[in-house]
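To start, the structure itself, in structure tokens.
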Amino acid sequence: MVSAQQSQNPLVADVKVYDPGTSRGHAYIRKGFHQVYRYLQDFNQPVGYLVVFAASDKQLEVTTAETQPTTIPSLRINQKTIFLIQIDIFPHSDTASRRPIPERESISEAELRAELEQAK
């Protein structure tokens, strides 16, 4: 999204589809996180967004030291903050009130930081 903007302070955002049954699982989301971090460095911006379209009945959970149960998951590294926003696009067969508690898959802060370290 960055290159399409003509601004001194562009919105830095990347979009990924989360579908753990395909090649778009944990590793794909971690790489998206790293991509946003690189864009923040390239465009000298302090805040970026990784928008994840969840195409699975499994719920992606990002656990970080800064995340509170009522906040959007975020990670701060080297004065850069990345927010992870999820949008559920899975075609559920039941209404939300009738669905069982979804199975969760977690990505930890340590995994996200390791992705950045591996790319150095």
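For the structure tokens, the naming scheme is as follows: chains receive sequential letters (A, B, ...) according to their order of presentation, residues are indexed from 1 within each chain, and ligands are indexed from 1 in presentation order.
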Neighbour list for Asp88 of chain A as a PDB file with N, CA, C and O atoms, in the first residue's frame, cut-off 7 Å, only C-alpha atoms, skip fewer than 5 positions in-chain:
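Output (result-v7.pdb):
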ATOM      1  N   PHE A  53      -6.509 -11.529   6.722  1.00  0.00           N
ATOM      2  CA  PHE A  53      -7.825 -12.089   6.432  1.00  0.00           C
ATOM      3  C   PHE A  53      -7.791 -13.552   6.830  1.00  0.00           C
ATOM      4  O   PHE A  53      -7.061 -14.345   6.228  1.00  0.00           O
ATOM      5  N   ALA A  54      -8.560 -13.911   7.852  1.00  0.00           N
ATOM      6  CA  ALA A  54      -8.570 -15.275   8.380  1.00  0.00           C
ATOM      7  C   ALA A  54      -9.552 -16.125   7.565  1.00  0.00           C
ATOM      8  O   ALA A  54     -10.760 -15.987   7.685  1.00  0.00           O
ATOM      9  N   ALA A  55      -8.997 -17.007   6.733  1.00  0.00           N
ATOM     10  CA  ALA A  55      -9.795 -17.853   5.855  1.00  0.00           C
ATOM     11  C   ALA A  55      -9.870 -19.276   6.399  1.00  0.00           C
ATOM     12  O   ALA A  55      -9.913 -20.237   5.648  1.00  0.00           O
TER      13      ALA A  55
END
- request: From chain A, collect each residue whose DSSP state is alpha helix (DSSP H) and return the set as a PyMOL selection string.
  value: chain A and resi 26-42+109-118
Excluding Pro46 of chain A and any residue of its chain fewer than 5 positions from it, enumerate the residues within 9 Å of it, using only C-alpha atoms, and give them as a CSV table (one decimal) with N, CA, C and O atoms, in the first residue's frame.
chain,number,residue,atom,x,y,z
A,40,LEU,N,8.5,-0.1,7.2
A,40,LEU,CA,8.6,1.0,8.2
A,40,LEU,C,10.0,1.6,8.2
A,40,LEU,O,10.2,2.8,8.3
A,41,GLN,N,11.0,0.7,8.0
A,41,GLN,CA,12.4,1.2,7.9
A,41,GLN,C,12.6,2.0,6.7
A,41,GLN,O,13.2,3.1,6.7
A,79,GLN,N,11.8,1.1,18.0
A,79,GLN,CA,11.0,2.4,17.9
A,79,GLN,C,10.0,2.2,16.8
A,79,GLN,O,9.5,3.3,16.3
A,80,LYS,N,9.7,1.0,16.3
A,80,LYS,CA,8.7,0.8,15.3
A,80,LYS,C,7.6,-0.1,16.0
A,80,LYS,O,7.8,-1.0,16.7
A,81,THR,N,6.3,0.3,15.7
A,81,THR,CA,5.2,-0.5,16.3
A,81,THR,C,4.4,-1.1,15.1
A,81,THR,O,4.0,-0.3,14.2
A,82,ILE,N,4.1,-2.3,15.2
A,82,ILE,CA,3.3,-3.0,14.2
A,82,ILE,C,2.1,-3.6,14.8
A,82,ILE,O,2.2,-4.3,15.8
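Taking only C-alpha atoms into account, Leu84 of chain A lies nearest to A:Ala13 out of the set A:Ala27, A:Ala13, A:Ile101, A:Ala96.
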- request: May I have the residues within 12 Å of Gly48 of chain A as a PyMOL selection string, using only C-alpha atoms and disregarding those fewer than 2 positions away in the same chain?
  value: chain A and resi 1-2+9-15+32-46+50-51+74-77+79-85
Kindly save the residues from that selection, with C-alpha atoms included, as a compact mmCIF listing (two decimals), in the first residue's frame.
# COMPACT_ATOMS: atom_id res chain seq x y z
CA MET A 1 0.00 0.00 0.00
CA VAL A 2 2.87 2.37 0.62
CA ASN A 9 3.69 10.21 6.12
CA PRO A 10 2.28 7.25 4.20
CA LEU A 11 0.17 4.56 5.82
CA VAL A 12 2.31 1.43 5.97
CA ALA A 13 0.11 -1.66 5.67
CA ASP A 14 0.36 -5.13 4.21
CA VAL A 15 -2.39 -7.70 3.75
CA GLY A 32 4.28 -10.57 6.44
CA PHE A 33 5.22 -9.13 9.80
CA HIS A 34 8.83 -8.85 8.66
CA GLN A 35 7.73 -7.21 5.42
CA VAL A 36 5.83 -4.48 7.32
CA TYR A 37 8.89 -3.90 9.52
CA ARG A 38 11.08 -3.44 6.41
CA TYR A 39 8.58 -0.97 4.94
CA LEU A 40 8.64 1.00 8.20
CA GLN A 41 12.41 1.22 7.95
CA ASP A 42 12.37 2.07 4.23
CA PHE A 43 9.81 4.87 4.66
CA ASN A 44 11.05 6.00 8.10
CA GLN A 45 7.62 5.55 9.70
CA PRO A 46 6.91 4.67 13.33
CA LEU A 50 -0.41 -6.20 9.13
CA VAL A 51 -4.00 -6.91 8.12
CA SER A 74 1.03 -5.13 18.60
CA LEU A 75 4.76 -5.47 18.77
CA ARG A 76 7.30 -2.69 19.26
CA ILE A 77 10.82 -3.20 17.91
CA GLN A 79 11.00 2.36 17.88
CA LYS A 80 8.65 0.78 15.32
CA THR A 81 5.18 -0.49 16.28
CA ILE A 82 3.32 -3.03 14.17
CA PHE A 83 -0.36 -3.72 14.81
CA LEU A 84 -1.89 -7.00 13.67
CA ILE A 85 -5.54 -6.67 12.65
message: If DSSP is run on the backbone, what residues of chain A are strand (DSSP E)? A reply as a PyMOL selection string would be ideal.
response: chain A and resi 12-18+47-54+59-63+74-77+80-88+104-108
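Residues lying within 10 Å of Glu103 of chain A, counting only C-alpha atoms and ignoring same-chain neighbours fewer than 6 positions away, are Asp57, Lys58, Gln59 and Leu60 of chain A.
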message: Residues near Glu109 of chain A, anyone? I mean within 9 Å using only C-alpha atoms, not counting same-chain ones fewer than 6 positions away, as a ChimeraX atom specification.
response: /A:62-65,75
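Counting only C-alpha atoms and comparing A:Leu112, A:Val47, A:Val52, A:Ile29, the residue that lies closest to Ile89 of chain A is A:Val52.
Pairwise distance (atom CA of Pro100 of chain A, atom CA of Arg30 of chain A) equals 27.2 Å.
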